[in-house]
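*Asks:* The structure file work-v9.txt (compact mmCIF, C-alpha atoms) is provided below.
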# COMPACT_ATOMS: atom_id res chain seq x y z
CA MET A 26 38.21 1.00 -41.27
CA ALA A 27 38.79 2.98 -38.09
CA GLU A 28 37.05 1.78 -34.97
CA SER A 29 34.47 4.12 -33.51
CA PRO A 30 35.55 5.61 -30.19
CA LYS A 31 34.19 3.85 -27.11
CA PRO A 32 31.70 5.91 -25.14
CA LYS A 33 33.15 7.40 -22.00
CA ARG A 34 31.89 5.96 -18.74
CA VAL A 35 30.09 8.56 -16.74
CA ARG A 36 31.32 8.46 -13.19
CA ARG A 37 28.61 8.76 -10.62
CA THR A 38 28.97 11.34 -7.90
CA LYS A 39 29.24 10.25 -4.29
CA ALA A 40 25.77 11.61 -3.69
CA GLU A 41 24.40 9.43 -6.50
CA GLN A 42 26.21 6.39 -5.13
CA ARG A 43 24.81 7.03 -1.65
CA ALA A 44 21.30 7.45 -3.05
CA GLU A 45 21.58 4.17 -4.95
CA THR A 46 22.83 2.35 -1.86
CA LEU A 47 20.00 3.79 0.20
CA GLU A 48 17.44 2.54 -2.32
CA GLN A 49 19.01 -0.92 -2.27
CA ILE A 50 18.79 -0.98 1.53
CA LEU A 51 15.15 0.14 1.51
CA ASP A 52 14.24 -2.41 -1.18
CA ALA A 53 15.87 -5.22 0.79
CA ALA A 54 14.27 -4.18 4.06
CA GLU A 55 10.87 -3.79 2.39
CA TYR A 56 10.99 -7.34 1.11
CA LEU A 57 12.18 -8.81 4.41
CA PHE A 58 9.66 -6.87 6.50
CA SER A 59 6.91 -7.97 4.11
CA GLN A 60 7.83 -11.59 4.79
CA HIS A 61 8.71 -11.52 8.50
CA GLY A 62 7.46 -8.27 10.04
CA LEU A 63 9.45 -5.84 12.15
CA HIS A 64 10.46 -8.28 14.86
CA GLY A 65 11.40 -11.11 12.51
CA VAL A 66 14.12 -9.11 10.74
CA THR A 67 17.52 -7.89 11.93
CA LEU A 68 19.80 -5.24 10.47
CA ARG A 69 22.21 -8.05 9.71
CA ASP A 70 19.53 -9.76 7.62
CA VAL A 71 19.08 -6.59 5.58
CA ALA A 72 22.83 -6.09 5.18
CA GLN A 73 23.29 -9.66 3.98
CA ARG A 74 20.53 -9.27 1.40
CA VAL A 75 22.13 -6.08 0.07
CA GLY A 76 25.65 -7.54 0.27
CA VAL A 77 27.14 -4.92 2.56
CA HIS A 78 28.46 -4.79 6.11
CA THR A 79 26.00 -4.03 8.90
CA THR A 80 27.94 -0.93 9.87
CA LEU A 81 26.94 0.68 6.57
CA LEU A 82 23.29 0.51 7.57
CA HIS A 83 24.10 2.52 10.70
CA TYR A 84 25.44 5.25 8.41
CA TYR A 85 21.90 5.72 7.08
CA PHE A 86 19.72 4.65 10.01
CA ASP A 87 20.00 4.90 13.78
CA ASP A 88 18.35 1.55 14.39
CA LYS A 89 15.94 -1.01 12.94
CA ARG A 90 12.86 1.00 13.93
CA SER A 91 14.04 4.05 11.96
CA LEU A 92 14.67 1.79 8.94
CA PHE A 93 11.19 0.30 9.32
CA GLU A 94 9.61 3.76 9.42
CA ALA A 95 11.60 4.86 6.36
CA VAL A 96 10.41 1.82 4.41
CA PHE A 97 6.82 2.61 5.33
CA ALA A 98 7.08 6.30 4.48
CA ARG A 99 8.92 5.90 1.16
CA ARG A 100 5.86 4.84 -0.84
CA ALA A 101 3.09 6.01 1.51
CA ALA A 102 3.00 9.54 0.09
CA THR A 103 2.51 8.18 -3.43
CA THR A 104 -0.33 5.80 -2.62
CA SER A 105 -2.16 8.20 -0.29
CA GLY A 106 -1.62 11.11 -2.69
CA ARG A 107 -3.01 9.23 -5.68
CA ARG A 108 -6.06 8.11 -3.75
CA MET A 109 -6.69 11.61 -2.41
CA GLU A 110 -6.56 13.00 -5.95
CA ALA A 111 -8.95 10.30 -7.17
CA LEU A 112 -11.40 10.95 -4.32
CA GLU A 113 -11.31 14.72 -4.79
CA ARG A 114 -11.85 14.29 -8.53
CA TYR A 115 -14.77 11.95 -7.93
CA GLU A 116 -16.27 14.28 -5.33
CA ALA A 117 -16.11 17.19 -7.78
CA GLU A 118 -17.65 15.15 -10.60
CA ALA A 119 -20.42 13.66 -8.43
CA GLY A 120 -21.42 16.97 -6.88
CA ASP A 121 -24.35 16.54 -4.53
CA HIS A 122 -25.03 12.97 -5.64
CA PRO A 123 -22.06 10.71 -4.84
CA THR A 124 -22.62 6.97 -4.63
CA VAL A 125 -21.04 4.46 -2.31
CA GLU A 126 -19.74 2.39 -5.20
CA GLY A 127 -18.32 5.42 -6.96
CA ALA A 128 -16.41 6.51 -3.86
CA LEU A 129 -15.10 2.98 -3.26
CA HIS A 130 -13.96 2.68 -6.87
CA ALA A 131 -11.95 5.88 -6.50
CA PHE A 132 -10.40 4.68 -3.25
CA LEU A 133 -9.77 1.01 -4.06
CA ASP A 134 -9.14 0.90 -7.81
CA THR A 135 -6.49 3.61 -7.67
CA ASP A 136 -4.52 1.64 -5.11
CA LEU A 137 -4.91 -1.73 -6.81
CA ASP A 138 -3.76 -0.21 -10.13
CA LEU A 139 -0.70 1.29 -8.48
CA TYR A 140 0.39 -1.98 -6.91
CA PHE A 141 -0.32 -4.04 -10.01
CA GLN A 142 1.33 -1.67 -12.48
CA GLY A 143 4.25 -0.89 -10.19
CA GLY A 144 5.67 -4.40 -10.47
CA GLU A 145 7.50 -6.44 -7.87
CA ALA A 146 8.65 -3.50 -5.76
CA TRP A 147 5.14 -2.17 -5.25
CA MET A 148 3.73 -5.66 -4.71
CA ASN A 149 6.32 -6.11 -1.95
CA TYR A 150 5.17 -2.84 -0.40
CA ALA A 151 1.56 -4.02 -0.59
CA ALA A 152 2.46 -7.21 1.29
CA PHE A 153 4.53 -5.16 3.75
CA CYS A 154 1.56 -2.90 4.57
CA ALA A 155 -0.75 -5.89 4.88
CA ARG A 156 1.57 -7.64 7.32
CA VAL A 157 2.31 -4.66 9.55
CA SER A 158 -1.14 -3.02 9.53
CA ASN A 159 -2.31 -5.30 12.34
CA THR A 160 0.66 -4.60 14.59
CA PRO A 161 0.94 -1.68 17.05
CA GLU A 162 3.94 -0.18 15.26
CA GLY A 163 2.31 -0.54 11.85
CA ALA A 164 -1.05 0.84 13.00
CA ALA A 165 0.67 3.93 14.40
CA LEU A 166 2.26 4.60 11.00
CA MET A 167 -1.08 3.99 9.27
CA ASP A 168 -2.53 6.75 11.47
CA VAL A 169 0.18 9.18 10.40
CA HIS A 170 0.29 8.46 6.68
CA PHE A 171 -3.21 7.28 5.73
CA ASP A 172 -5.77 8.89 8.07
CA PRO A 173 -6.36 11.97 5.84
CA VAL A 174 -7.28 9.92 2.76
CA VAL A 175 -9.42 7.51 4.80
CA LEU A 176 -11.32 10.41 6.38
CA LYS A 177 -11.85 11.91 2.91
CA LEU A 178 -13.44 8.61 1.82
CA VAL A 179 -15.60 8.57 4.93
CA SER A 180 -16.77 12.14 4.30
CA ILE A 181 -17.93 11.19 0.78
CA LEU A 182 -19.65 8.07 2.09
CA LYS A 183 -21.54 10.21 4.59
CA LYS A 184 -22.80 12.36 1.71
CA ALA A 185 -23.83 9.25 -0.20
CA LEU A 186 -25.59 7.79 2.87
CA PRO A 187 -26.98 10.80 4.71
CA LYS A 188 -29.41 8.71 6.80
CA THR A 189 -26.87 6.09 7.81
CA PRO A 190 -25.34 6.52 11.29
CA ALA A 191 -21.69 7.50 11.25
CA GLU A 192 -20.96 4.45 13.40
CA ASP A 193 -22.14 2.14 10.61
CA ILE A 194 -20.05 3.97 8.02
CA PHE A 195 -16.91 3.56 10.10
CA TRP A 196 -17.68 -0.13 10.61
CA GLY A 197 -18.18 -0.42 6.86
CA TYR A 198 -14.76 1.09 6.27
CA HIS A 199 -13.33 -1.32 8.83
CA PHE A 200 -14.65 -4.24 6.78
CA VAL A 201 -13.36 -2.70 3.53
CA THR A 202 -9.84 -2.20 4.80
CA GLY A 203 -9.78 -5.73 6.26
CA SER A 204 -10.65 -7.15 2.85
CA LEU A 205 -8.11 -4.90 1.15
CA MET A 206 -5.30 -5.90 3.51
CA ASN A 207 -6.15 -9.57 3.02
CA THR A 208 -5.88 -9.03 -0.73
CA LEU A 209 -2.58 -7.18 -0.49
CA ALA A 210 -1.08 -9.98 1.63
CA ARG A 211 -1.26 -12.41 -1.32
CA THR A 212 -1.18 -15.48 0.92
CA GLY A 213 -2.26 -17.89 -1.82
CA ARG A 214 -5.09 -19.27 0.33
CA ILE A 215 -7.80 -18.43 -2.20
CA ASP A 216 -5.77 -20.21 -4.87
CA ARG A 217 -5.94 -23.45 -2.88
CA LEU A 218 -9.53 -23.04 -1.72
CA SER A 219 -10.78 -22.39 -5.26
CA GLY A 220 -8.71 -25.15 -6.82
CA GLY A 221 -6.96 -22.60 -9.02
CA LEU A 222 -10.07 -20.70 -10.13
CA CYS A 223 -8.85 -17.60 -8.28
CA HIS A 224 -5.34 -16.29 -7.69
CA SER A 225 -4.35 -14.06 -4.81
CA ASP A 226 -2.04 -11.96 -7.00
CA ASP A 227 -4.78 -11.26 -9.56
CA PHE A 228 -5.46 -7.71 -8.45
CA MET A 229 -7.40 -6.95 -11.62
CA ALA A 230 -9.93 -9.65 -10.74
CA VAL A 231 -10.26 -8.08 -7.30
CA LYS A 232 -10.67 -4.65 -8.88
CA LYS A 233 -13.64 -5.89 -10.94
CA ARG A 234 -15.47 -7.09 -7.85
CA MET A 235 -14.46 -5.44 -4.59
CA ALA A 236 -16.06 -1.98 -4.85
CA ARG A 237 -19.43 -3.39 -5.96
CA PHE A 238 -19.36 -6.09 -3.30
CA MET A 239 -18.46 -3.66 -0.51
CA ALA A 240 -20.99 -1.07 -1.70
CA ALA A 241 -23.77 -3.64 -1.30
CA GLY A 242 -22.56 -4.24 2.25
CA PHE A 243 -22.76 -0.55 3.10
CA LEU A 244 -26.28 -0.35 1.70
CA ALA A 245 -27.34 -3.42 3.68
CA LEU A 246 -25.77 -2.23 6.94
CA ASP A 247 -28.86 -0.55 8.35
CA LEU A 248 -29.39 -1.72 11.90
CA ARG A 249 -32.24 0.64 12.70
CA GLY A 250 -34.95 -1.74 11.51
Could you render the structure as structure tokens?

*Replies:*
Amino acid sequence: MAESPKPKRVRRTKAEQRAETLEQILDAAEYLFSQHGLHGVTLRDVAQRVGVHTTLLHYYFDDKRSLFEAVFARRAATTSGRRMEALERYEAEAGDHPTVEGALHAFLDTDLDLYFQGGEAWMNYAAFCARVSNTPEGAALMDVHFDPVVLKLVSILKKALPKTPAEDIFWGYHFVTGSLMNTLARTGRIDRLSGGLCHSDDFMAVKKRMARFMAAGFLALDLRG
């Protein structure tokens, strides 16, 4: 019986090879930055994790800061875009009667789903954002990539709480984002504190609770009395 012909190997183009290498570099840098921050990582560290020479990284990036910014930007458009769509959809459905909890569900659940369903790569990005959000370089990138979606959330919250001072709404968001970043960091502290009842990587457990918990905080944050 004649053997069936072996399938021909499809040779990748140079552009495809470069694109694959770039993704490998970004993946490696994302993981390392998520663990050590901008200043705890060198280009040599990234090159060693990829298994290439450091000079290859300079082919793609001028310096470590440009690599850091590329890692941040690569997934930022996806997460901010999905949340903006969810908020706009909620705003249209709610009409003149949005609720705080409804707006927070649209903002928080969409992001938690993305990280959880996206697997290890997206979980690394979540930890990366959590680590760098409290640094000057990270905060500057947050301003660029995430301000529009945050301000959309704030605008809906103002509709839901028309008598609440804008100052209180911004403080409320400040508390929300602090809790979200602590969740995304996945430090394992809640695992130890709870004796294993809770797990810091259980984003679905967070999703069940965070919007309702934070909504109650917004409603309670009335300092006029």

*Asks:* Quick one: everything within 12 Å of Gly242 of chain A, counting all atoms listed in the file, minus sequence neighbours fewer than 2 positions away in the same chain. Send it as an MDAnalysis selection string.

*Replies:* chainID A and resid 125:126 129 193:194 196:201 235:240 244:247

*Asks:* Between A:Phe243, A:Phe141, A:Tyr56, A:Phe86, which residue has the minimum interatomic distance to Leu186 of chain A, considering all atoms listed in the file?

*Replies:* A:Phe243

*Asks:* Between atom CA of Asp121 of chain A and atom CA of Leu182 of chain A, what is the distance in Å, rounded to a tenth?

*Replies:*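 So the answer is 11.7 Å.
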
*Asks:* Could you tell me how far atom CA of Cys154 of chain A sits from atom CA of Thr212 of chain A, in Å to one decimal place?

*Replies:*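 Atom-to-atom, atom CA of Thr212 of chain A and atom CA of Cys154 of chain A are spaced 13.4 Å apart.
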
*Asks:* Which of these residues is nearest to Val179 of chain A, using all atoms listed in the file: A:Leu139, A:Met109, A:Val66, A:Val75?

*Replies:*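 Among A:Leu139, A:Met109, A:Val66, A:Val75, it is A:Met109 that comes nearest to Val179 of chain A.
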
*Asks:* Record the distance separating atom CA of His170 of chain A and atom CA of Phe97 of chain A, expressed in Å with one decimal.

*Replies:*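 Atom CA of Phe97 of chain A lies at a distance of 8.9 Å from atom CA of His170 of chain A.
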
*Asks:* Identify which of the residues A:Glu45, A:Asp70, A:Asp227, A:Asp88 lies closest to Tyr140 of chain A, counting only C-alpha atoms when measuring atom-to-atom distances.

*Replies:*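 Among the listed residues, the smallest separation from Tyr140 of chain A belongs to A:Asp227.
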
*Asks:* With distances taken over all atoms listed in the file, which residue among A:Ala98, A:Met206, A:Val174, A:Val231 lies nearest Ala111 of chain A?

*Replies:*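 Of A:Ala98, A:Met206, A:Val174, A:Val231, the one nearest Ala111 of chain A is A:Val174, counting all atoms listed in the file.
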
*Asks:* With distances taken over all atoms listed in the file, which of A:Val157, A:Ala230, A:Ile215, A:Ala241 is nearest to Gly65 of chain A?

*Replies:*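 With all atoms listed in the file as the atom set, the closest residue is A:Val157.
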
*Asks:* Do you know which residues lie at most 10 Å from (-2.9, -17.2, -4.2), with coordinates as in the file and all atoms listed in the file counted, and could you write them as a PyMOL selection string?

*Replies:* chain A and resi 208+210-219+221-227

*Asks:* Residues near Arg156 of chain A, anyone? I mean within 7 Å using all atoms listed in the file, not counting same-chain ones fewer than 2 positions away, as an NGL selection string.

*Replies:* :A and (59 or 62 or 152-154 or 158-159 or 210)

*Asks:* Given only C-alpha atoms as the basis, pick out the residue of A:Glu55, A:Asp87, A:Asp134, A:Glu94 nearest to Leu205 of chain A.

*Replies:* A:Asp134

*Asks:* Could you name the residues that touch Leu81 of chain A at 10 Å or less, counting only C-alpha atoms, but leaving out those on the same chain fewer than 2 positions away, as a list of chain:residue names?

*Replies:*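 What passes the distance filter is A:Thr46, A:Leu47, A:Ile50, A:Ala72, A:Val77, A:His78, A:Thr79, A:His83, A:Tyr84, A:Tyr85, A:Phe86.
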
*Asks:* Write out as a list of chain:residue names the residues lying within 10 Å of Leu137 of chain A, counting all atoms listed in the file and excluding same-chain residues fewer than 5 positions away.

*Replies:* A:Thr104, A:Phe132, A:Gln142, A:Gly143, A:Met148, A:Ala151, A:Leu205, A:Thr208, A:Leu209, A:Asp227, A:Phe228, A:Met229, A:Val231, A:Lys232
